[in-house]
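> One structure, as structure tokens, below. Some questions next.
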Amino acid sequence: MKVGKVALGELARVRTGKLDANARSPNGKYSFFTCAINPLRIDTFSYECECVLVAGNGDLNVKYHNGRFDAYQRTYNVEPISESLDCQYLYHFLDSYLTELRKLSIGGVIKYIKLGNLTDAQIPLPPLEEQRRIAAILDKTAALSGANRRRQDLLRAFPLSVYRQMFGDPGHNPFLWPVFRLGEICLNEDARRVPVKSSDRKAMQGRFPYYGASGVIDHVDDYLFDGQRLLVGEDGANLIARSSPIAFIANGKYWVNNHAHVLSENGKAKLRCLEYYFALVDLKPFVTGSAQPKLTRSALDSLPVPLPPLDLQERFESVLTALDARLAQAEISAQQTSSLSCALRSASFQGDAV
């Protein structure tokens, strides 16, 4: 069923907040909406309504709210003033409209949108009951997407808990495993690495992953390694900041540059166990340099590693294999839910009813 579209400014009042971000109060009674994804708190309120909050700059996002609140000066408060517009429906429309708003945003380092980008937006306007039905369906897909994300987060976090339970924290070695230097329990294949400048990689684009210190940074048409290796970041701020994993497994065929150490098995330690060892061990005493932190080959080789028996390491690997299968299923489910959500949003807001 085709439905007409109406300019949002004819159906809703759009205004910005008046406060600076530093107006927040950590223990405030009311929500304080800024351009961040999560709202802050504040002691006072300027608005009391059911509305949709749209971040006006940075990484645009939308939030639904019903009640008292206050808002940052670059946050748009979109409040329905027509009885023909359901606020939950409006929320889902604006959430789907973010892609278009990002295209319309202007500015340099921090892009922003203008008031007209919202008031001029053309929103399909089916009957009110139909809007509520569409919003209820999209609420369910959003809840399902959230459940999928939480499931994936739990599955990704679980191996570290299992490692601690089976082997203990390597910094304290509570089970008194024998301690070896890392260079004694695995092979280092750094000599096989080859760095390739980004300008040169443009001429060798292909299907093989090209790894750096924190993961895949490009794809090239050839490979240096075939099979499982543990890659450990050699340099960069992440050695201290830990904003992403320091060590990670690479499999299949791939290329590695000179910013990641390459380790393989010598029969004494399982790489996936070492992967979680690196997730817990404190590397600060072994990292040199402040402006550009570096974990040298000699420092890497000297790392003390509490080493459980090989059969216990293999049992841990079997647990990881089972968890990997569950995570793969969760990722497929998440992709299917995302595709369903996109299809429903497209059908809802392109002028066709769901």
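Simple scheme: letters A, B, ... for chains in structure tokens order, numbers from 1 for residues in each chain, numbers from 1 for ligands in the order shown.
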Just list the residues in region 17-133 of chain A DSSP gives helix (DSSP H, G or I) on the backbone, as number ranges by chain.
A: 21-23, 87-104, 115-119, 128-133
> Would you mind listing what lies within 12 Å of Gly252 (chain A) as a list in words, with only C-alpha atoms counted and same-chain residues fewer than 2 positions away left out?
Arg207, Phe208, Pro209, Tyr210, Tyr223, Leu224, Phe225, Asp226, Gly227, Gln228, Arg229, Ile249, Ala250, Tyr254 and Trp255 of chain A
> Could you write those residues out with N, CA and C atoms, as a PDB file, in the first residue's frame?

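So the final result, stored in part.pdb, reads:
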```pdb
ATOM      1  N   ARG A 207      43.341 -11.060  -2.560  1.00  0.00           N
ATOM      2  CA  ARG A 207      42.434 -11.669  -1.575  1.00  0.00           C
ATOM      3  C   ARG A 207      43.112 -12.105  -0.285  1.00  0.00           C
ATOM      4  N   PHE A 208      44.432 -11.985  -0.197  1.00  0.00           N
ATOM      5  CA  PHE A 208      45.133 -12.469   0.991  1.00  0.00           C
ATOM      6  C   PHE A 208      45.268 -11.353   2.039  1.00  0.00           C
ATOM      7  N   PRO A 209      44.904 -11.630   3.305  1.00  0.00           N
ATOM      8  CA  PRO A 209      45.013 -10.605   4.351  1.00  0.00           C
ATOM      9  C   PRO A 209      46.463 -10.147   4.538  1.00  0.00           C
ATOM     10  N   TYR A 210      46.628  -8.856   4.768  1.00  0.00           N
ATOM     11  CA  TYR A 210      47.931  -8.245   5.045  1.00  0.00           C
ATOM     12  C   TYR A 210      47.859  -7.716   6.481  1.00  0.00           C
ATOM     13  N   TYR A 223      51.054 -14.273  -0.600  1.00  0.00           N
ATOM     14  CA  TYR A 223      51.120 -14.565   0.828  1.00  0.00           C
ATOM     15  C   TYR A 223      52.512 -15.047   1.204  1.00  0.00           C
ATOM     16  N   LEU A 224      52.818 -14.882   2.511  1.00  0.00           N
ATOM     17  CA  LEU A 224      54.092 -15.333   3.055  1.00  0.00           C
ATOM     18  C   LEU A 224      53.927 -16.540   3.973  1.00  0.00           C
ATOM     19  N   PHE A 225      52.771 -16.641   4.620  1.00  0.00           N
ATOM     20  CA  PHE A 225      52.537 -17.699   5.607  1.00  0.00           C
ATOM     21  C   PHE A 225      51.293 -18.494   5.228  1.00  0.00           C
ATOM     22  N   ASP A 226      51.329 -19.775   5.564  1.00  0.00           N
ATOM     23  CA  ASP A 226      50.199 -20.661   5.313  1.00  0.00           C
ATOM     24  C   ASP A 226      49.995 -21.521   6.560  1.00  0.00           C
ATOM     25  N   GLY A 227      48.858 -21.357   7.228  1.00  0.00           N
ATOM     26  CA  GLY A 227      48.593 -22.106   8.442  1.00  0.00           C
ATOM     27  C   GLY A 227      48.519 -21.214   9.662  1.00  0.00           C
ATOM     28  N   GLN A 228      48.299 -21.828  10.797  1.00  0.00           N
ATOM     29  CA  GLN A 228      48.065 -21.063  12.023  1.00  0.00           C
ATOM     30  C   GLN A 228      49.357 -20.480  12.594  1.00  0.00           C
ATOM     31  N   ARG A 229      49.291 -19.208  12.938  1.00  0.00           N
ATOM     32  CA  ARG A 229      50.372 -18.513  13.642  1.00  0.00           C
ATOM     33  C   ARG A 229      49.743 -17.608  14.695  1.00  0.00           C
ATOM     34  N   ILE A 249      45.278 -14.760  16.628  1.00  0.00           N
ATOM     35  CA  ILE A 249      45.551 -15.886  15.747  1.00  0.00           C
ATOM     36  C   ILE A 249      45.308 -15.497  14.290  1.00  0.00           C
ATOM     37  N   ALA A 250      46.246 -15.892  13.421  1.00  0.00           N
ATOM     38  CA  ALA A 250      46.061 -15.779  11.973  1.00  0.00           C
ATOM     39  C   ALA A 250      46.031 -17.193  11.400  1.00  0.00           C
ATOM     40  N   TYR A 254      48.335 -15.721   4.283  1.00  0.00           N
ATOM     41  CA  TYR A 254      48.341 -14.302   4.615  1.00  0.00           C
ATOM     42  C   TYR A 254      49.763 -13.748   4.570  1.00  0.00           C
ATOM     43  N   TRP A 255      49.834 -12.431   4.608  1.00  0.00           N
ATOM     44  CA  TRP A 255      51.098 -11.684   4.615  1.00  0.00           C
ATOM     45  C   TRP A 255      51.201 -10.961   5.948  1.00  0.00           C
TER      46      TRP A 255
END
```
> Wanna dump the region 48-147 of chain A-region 333-352 of chain A contacts at 7 Å for me, each residue with its shortest atom pair and the distance in Å to one decimal, counting only C-alpha atoms, ordered by chain and number, as JSON lines?

```
{"residue": "A:Phe93", "atom": "CA", "partner": "A:Phe349", "partner_atom": "CA", "distance": 6.7}
{"residue": "A:Ser96", "atom": "CA", "partner": "A:Arg345", "partner_atom": "CA", "distance": 6.7}
{"residue": "A:Pro124", "atom": "CA", "partner": "A:Gly351", "partner_atom": "CA", "distance": 5.4}
{"residue": "A:Thr141", "atom": "CA", "partner": "A:Ser341", "partner_atom": "CA", "distance": 6.1}
{"residue": "A:Ser145", "atom": "CA", "partner": "A:Thr337", "partner_atom": "CA", "distance": 6.3}
```
> Given only C-alpha atoms as the basis, pick out the residue of A:Asn38, A:Asn238, A:Asn257, A:Asn251 nearest to Tyr211 (chain A).
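Selected residue with least distance to Tyr211 (chain A): A:Asn257.
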> Leaving out region 22-26 of chain A and any residue of its chain fewer than 5 positions from it, which residues lie within 12 Å of it when counting only C-alpha atoms, given as a list in words?
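Near region 22-26 of chain A, the qualifying residues are Gly17, Ser31, Phe32, Phe33, Thr34, Pro39, Leu40, Arg41, Ile42, Asp43, Thr44, Phe45, Phe69, Asp70, Ala71, Tyr72 and Gln73 of chain A.
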> Kindly save the residues from that selection, with N, CA and C atoms included, as an mmCIF file, in the first residue's frame.

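Listed below is the output, selection_21.cif:
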```cif
data_model
loop_
_atom_site.group_PDB
_atom_site.id
_atom_site.type_symbol
_atom_site.label_atom_id
_atom_site.label_comp_id
_atom_site.auth_asym_id
_atom_site.auth_seq_id
_atom_site.Cartn_x
_atom_site.Cartn_y
_atom_site.Cartn_z
ATOM 1 N N GLY A 17 19.074 21.896 22.219
ATOM 2 C CA GLY A 17 19.307 22.183 23.619
ATOM 3 C C GLY A 17 20.067 23.488 23.777
ATOM 4 N N SER A 31 17.938 12.857 32.887
ATOM 5 C CA SER A 31 18.810 12.528 31.750
ATOM 6 C C SER A 31 19.297 13.810 31.087
ATOM 7 N N PHE A 32 20.552 13.800 30.682
ATOM 8 C CA PHE A 32 21.149 14.939 29.973
ATOM 9 C C PHE A 32 21.702 14.414 28.658
ATOM 10 N N PHE A 33 21.060 14.809 27.558
ATOM 11 C CA PHE A 33 21.406 14.267 26.257
ATOM 12 C C PHE A 33 22.429 15.150 25.560
ATOM 13 N N THR A 34 23.547 14.534 25.198
ATOM 14 C CA THR A 34 24.575 15.186 24.397
ATOM 15 C C THR A 34 24.657 14.436 23.069
ATOM 16 N N PRO A 39 23.272 8.748 27.377
ATOM 17 C CA PRO A 39 22.979 10.024 28.034
ATOM 18 C C PRO A 39 23.736 10.170 29.337
ATOM 19 N N LEU A 40 23.999 11.425 29.731
ATOM 20 C CA LEU A 40 24.617 11.746 31.007
ATOM 21 C C LEU A 40 23.505 12.066 32.005
ATOM 22 N N ARG A 41 23.865 12.619 33.152
ATOM 23 C CA ARG A 41 22.888 13.006 34.166
ATOM 24 C C ARG A 41 23.024 14.497 34.475
ATOM 25 N N ILE A 42 21.939 15.101 34.976
ATOM 26 C CA ILE A 42 21.937 16.524 35.301
ATOM 27 C C ILE A 42 20.920 16.768 36.414
ATOM 28 N N ASP A 43 21.099 17.859 37.173
ATOM 29 C CA ASP A 43 20.235 18.135 38.324
ATOM 30 C C ASP A 43 18.938 18.843 37.946
ATOM 31 N N THR A 44 18.915 19.504 36.791
ATOM 32 C CA THR A 44 17.739 20.272 36.392
ATOM 33 C C THR A 44 17.216 19.777 35.056
ATOM 34 N N PHE A 45 16.016 20.236 34.691
ATOM 35 C CA PHE A 45 15.464 19.876 33.389
ATOM 36 C C PHE A 45 14.834 21.096 32.726
ATOM 37 N N PHE A 69 14.002 16.055 30.986
ATOM 38 C CA PHE A 69 15.400 15.933 30.574
ATOM 39 C C PHE A 69 15.951 17.299 30.227
ATOM 40 N N ASP A 70 17.232 17.334 29.939
ATOM 41 C CA ASP A 70 17.854 18.527 29.372
ATOM 42 C C ASP A 70 18.773 18.094 28.240
ATOM 43 N N ALA A 71 19.278 19.072 27.471
ATOM 44 C CA ALA A 71 20.007 18.724 26.251
ATOM 45 C C ALA A 71 21.143 19.697 25.968
ATOM 46 N N TYR A 72 22.174 19.146 25.404
ATOM 47 C CA TYR A 72 23.351 19.877 24.924
ATOM 48 C C TYR A 72 22.959 20.730 23.720
ATOM 49 N N GLN A 73 23.699 21.797 23.484
ATOM 50 C CA GLN A 73 23.328 22.765 22.460
ATOM 51 C C GLN A 73 23.414 22.240 21.024
#
```
> Interatomic distance between CA of Leu176 (chain A) and CA of Glu265 (chain A)?
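Computed distance, CA of Leu176 (chain A) to CA of Glu265 (chain A), equals 22.8 Å.
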> Could you check how far CA of Leu274 (chain A) sits from CA of Leu307 (chain A), in Å to one decimal?
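Computing the Euclidean distance for CA of Leu274 (chain A) and CA of Leu307 (chain A) yields 9.5 Å.
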> Which of region 103-317 of chain A end up as strand (DSSP E) when DSSP is run on this backbone - answer as a CSV table (one decimal) with N, CA and C atoms, in the first residue's frame?

```csv
chain,number,residue,atom,x,y,z
A,122,GLN,N,11.5,13.9,4.5
A,122,GLN,CA,10.2,13.4,4.0
A,122,GLN,C,9.9,12.1,4.7
A,123,ILE,N,8.9,12.1,5.6
A,123,ILE,CA,8.6,10.9,6.4
A,123,ILE,C,7.3,10.3,5.9
A,124,PRO,N,7.2,9.1,5.5
A,124,PRO,CA,6.0,8.4,5.1
A,124,PRO,C,5.0,8.5,6.3
A,179,VAL,N,57.8,-22.3,35.0
A,179,VAL,CA,57.9,-21.1,34.2
A,179,VAL,C,59.0,-21.3,33.2
A,180,PHE,N,58.7,-20.9,31.9
A,180,PHE,CA,59.7,-21.0,30.8
A,180,PHE,C,59.7,-19.6,30.2
A,181,ARG,N,60.8,-19.3,29.5
A,181,ARG,CA,60.8,-18.1,28.7
A,181,ARG,C,60.0,-18.4,27.4
A,186,CYS,N,58.1,-21.8,21.9
A,186,CYS,CA,57.5,-21.6,20.6
A,186,CYS,C,58.6,-21.1,19.6
A,187,LEU,N,58.3,-21.2,18.3
A,187,LEU,CA,59.2,-20.7,17.3
A,187,LEU,C,58.9,-19.3,16.8
A,188,ASN,N,59.9,-18.5,16.6
A,188,ASN,CA,59.8,-17.2,16.1
A,188,ASN,C,60.1,-17.1,14.7
A,205,GLN,N,46.9,-5.4,-5.0
A,205,GLN,CA,45.6,-5.7,-4.3
A,205,GLN,C,45.2,-7.1,-4.6
A,206,GLY,N,44.7,-7.9,-3.6
A,206,GLY,CA,44.2,-9.2,-3.9
A,206,GLY,C,43.4,-9.7,-2.7
A,207,ARG,N,43.3,-11.1,-2.6
A,207,ARG,CA,42.4,-11.7,-1.6
A,207,ARG,C,43.1,-12.1,-0.3
A,208,PHE,N,44.4,-12.0,-0.2
A,208,PHE,CA,45.1,-12.5,1.0
A,208,PHE,C,45.3,-11.4,2.0
A,209,PRO,N,44.9,-11.6,3.3
A,209,PRO,CA,45.0,-10.6,4.4
A,209,PRO,C,46.5,-10.1,4.5
A,210,TYR,N,46.6,-8.9,4.8
A,210,TYR,CA,47.9,-8.2,5.0
A,210,TYR,C,47.9,-7.7,6.5
A,211,TYR,N,48.6,-8.4,7.4
A,211,TYR,CA,48.5,-8.1,8.8
A,211,TYR,C,49.6,-7.0,9.3
A,212,GLY,N,49.1,-6.2,10.2
A,212,GLY,CA,50.0,-5.3,10.9
A,212,GLY,C,50.0,-5.6,12.4
A,215,GLY,N,46.1,-6.2,13.5
A,215,GLY,CA,45.2,-7.0,12.7
A,215,GLY,C,45.4,-6.8,11.2
A,216,VAL,N,44.3,-7.1,10.5
A,216,VAL,CA,44.4,-6.9,9.0
A,216,VAL,C,44.2,-5.5,8.7
A,217,ILE,N,45.2,-5.0,7.9
A,217,ILE,CA,45.1,-3.6,7.5
A,217,ILE,C,45.0,-3.4,5.9
A,218,ASP,N,45.1,-4.5,5.2
A,218,ASP,CA,44.9,-4.5,3.8
A,218,ASP,C,44.8,-5.9,3.2
A,219,HIS,N,44.6,-6.1,1.9
A,219,HIS,CA,44.6,-7.4,1.3
A,219,HIS,C,45.5,-7.3,0.0
A,220,VAL,N,46.3,-8.3,-0.2
A,220,VAL,CA,47.3,-8.3,-1.3
A,220,VAL,C,47.1,-9.6,-2.1
A,225,PHE,N,52.8,-16.6,4.6
A,225,PHE,CA,52.5,-17.7,5.6
A,225,PHE,C,51.3,-18.5,5.2
A,226,ASP,N,51.3,-19.8,5.6
A,226,ASP,CA,50.2,-20.7,5.3
A,226,ASP,C,50.0,-21.5,6.6
A,229,ARG,N,49.3,-19.2,12.9
A,229,ARG,CA,50.4,-18.5,13.6
A,229,ARG,C,49.7,-17.6,14.7
A,230,LEU,N,50.5,-17.3,15.7
A,230,LEU,CA,50.1,-16.2,16.7
A,230,LEU,C,50.9,-15.0,16.3
A,231,LEU,N,50.2,-13.9,16.1
A,231,LEU,CA,50.8,-12.6,15.8
A,231,LEU,C,50.7,-11.7,17.0
A,232,VAL,N,51.9,-11.1,17.4
A,232,VAL,CA,52.0,-10.3,18.6
A,232,VAL,C,52.4,-8.9,18.1
A,233,GLY,N,51.7,-7.9,18.5
A,233,GLY,CA,52.1,-6.5,18.1
A,233,GLY,C,53.5,-6.2,18.6
A,247,ALA,N,47.7,-9.8,21.0
A,247,ALA,CA,48.1,-11.0,20.2
A,247,ALA,C,46.8,-11.6,19.7
A,248,PHE,N,46.9,-12.2,18.5
A,248,PHE,CA,45.7,-12.7,17.8
A,248,PHE,C,46.2,-13.8,16.8
A,249,ILE,N,45.3,-14.8,16.6
A,249,ILE,CA,45.6,-15.9,15.7
A,249,ILE,C,45.3,-15.5,14.3
A,250,ALA,N,46.2,-15.9,13.4
A,250,ALA,CA,46.1,-15.8,12.0
A,250,ALA,C,46.0,-17.2,11.4
A,253,LYS,N,46.1,-18.4,4.5
A,253,LYS,CA,47.2,-17.8,3.8
A,253,LYS,C,47.2,-16.3,3.9
A,254,TYR,N,48.3,-15.7,4.3
A,254,TYR,CA,48.3,-14.3,4.6
A,254,TYR,C,49.8,-13.7,4.6
A,255,TRP,N,49.8,-12.4,4.6
A,255,TRP,CA,51.1,-11.7,4.6
A,255,TRP,C,51.2,-11.0,5.9
A,256,VAL,N,52.4,-10.9,6.5
A,256,VAL,CA,52.6,-10.1,7.8
A,256,VAL,C,53.8,-9.1,7.6
A,260,ALA,N,54.4,-6.8,13.5
A,260,ALA,CA,53.8,-7.9,14.3
A,260,ALA,C,54.8,-9.1,14.3
A,261,HIS,N,55.1,-9.5,15.5
A,261,HIS,CA,55.9,-10.8,15.7
A,261,HIS,C,55.1,-12.0,15.2
A,262,VAL,N,55.8,-13.0,14.7
A,262,VAL,CA,55.1,-14.2,14.2
A,262,VAL,C,55.6,-15.4,14.9
A,263,LEU,N,54.7,-16.1,15.6
A,263,LEU,CA,55.0,-17.2,16.4
A,263,LEU,C,54.3,-18.5,15.9
A,264,SER,N,55.0,-19.6,16.0
A,264,SER,CA,54.4,-20.9,15.6
A,264,SER,C,54.8,-21.9,16.7
A,265,GLU,N,54.2,-23.1,16.7
A,265,GLU,CA,54.4,-24.1,17.7
A,265,GLU,C,55.6,-24.9,17.5
A,304,PRO,N,58.3,-14.4,30.8
A,304,PRO,CA,58.1,-15.6,31.6
A,304,PRO,C,56.7,-16.1,31.4
A,305,VAL,N,56.6,-17.4,31.1
A,305,VAL,CA,55.3,-18.0,30.8
A,305,VAL,C,55.0,-19.2,31.7
A,306,PRO,N,54.1,-19.1,32.6
A,306,PRO,CA,53.7,-20.3,33.4
A,306,PRO,C,53.1,-21.3,32.4
```
> Could you jot down the CA of Lys268 (chain A) to CA of Gly168 (chain A) separation for me, Å, one decimal place?
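Here the two named atoms are 18.6 Å from each other.
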> For Thr16 (chain A), please output as number ranges by chain all residues within 7 Å (counting only C-alpha atoms; exclusion window: fewer than 5 positions along the same chain).
A: 73-77
> Write a file of the just-selected residues containing N, CA and C atoms, as a PDB file, in the first residue's frame.

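File written: again.pdb
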```
ATOM      1  N   GLN A  73      23.699  21.797  23.484  1.00  0.00           N
ATOM      2  CA  GLN A  73      23.328  22.765  22.460  1.00  0.00           C
ATOM      3  C   GLN A  73      23.414  22.240  21.024  1.00  0.00           C
ATOM      4  N   ARG A  74      24.095  21.139  20.813  1.00  0.00           N
ATOM      5  CA  ARG A  74      24.152  20.571  19.451  1.00  0.00           C
ATOM      6  C   ARG A  74      23.291  19.304  19.333  1.00  0.00           C
ATOM      7  N   THR A  75      22.383  19.120  20.290  1.00  0.00           N
ATOM      8  CA  THR A  75      21.471  17.980  20.245  1.00  0.00           C
ATOM      9  C   THR A  75      20.084  18.474  19.866  1.00  0.00           C
ATOM     10  N   TYR A  76      19.475  17.831  18.878  1.00  0.00           N
ATOM     11  CA  TYR A  76      18.145  18.227  18.415  1.00  0.00           C
ATOM     12  C   TYR A  76      17.065  17.434  19.154  1.00  0.00           C
ATOM     13  N   ASN A  77      16.071  18.164  19.618  1.00  0.00           N
ATOM     14  CA  ASN A  77      14.900  17.589  20.273  1.00  0.00           C
ATOM     15  C   ASN A  77      13.758  17.623  19.259  1.00  0.00           C
TER      16      ASN A  77
END
```
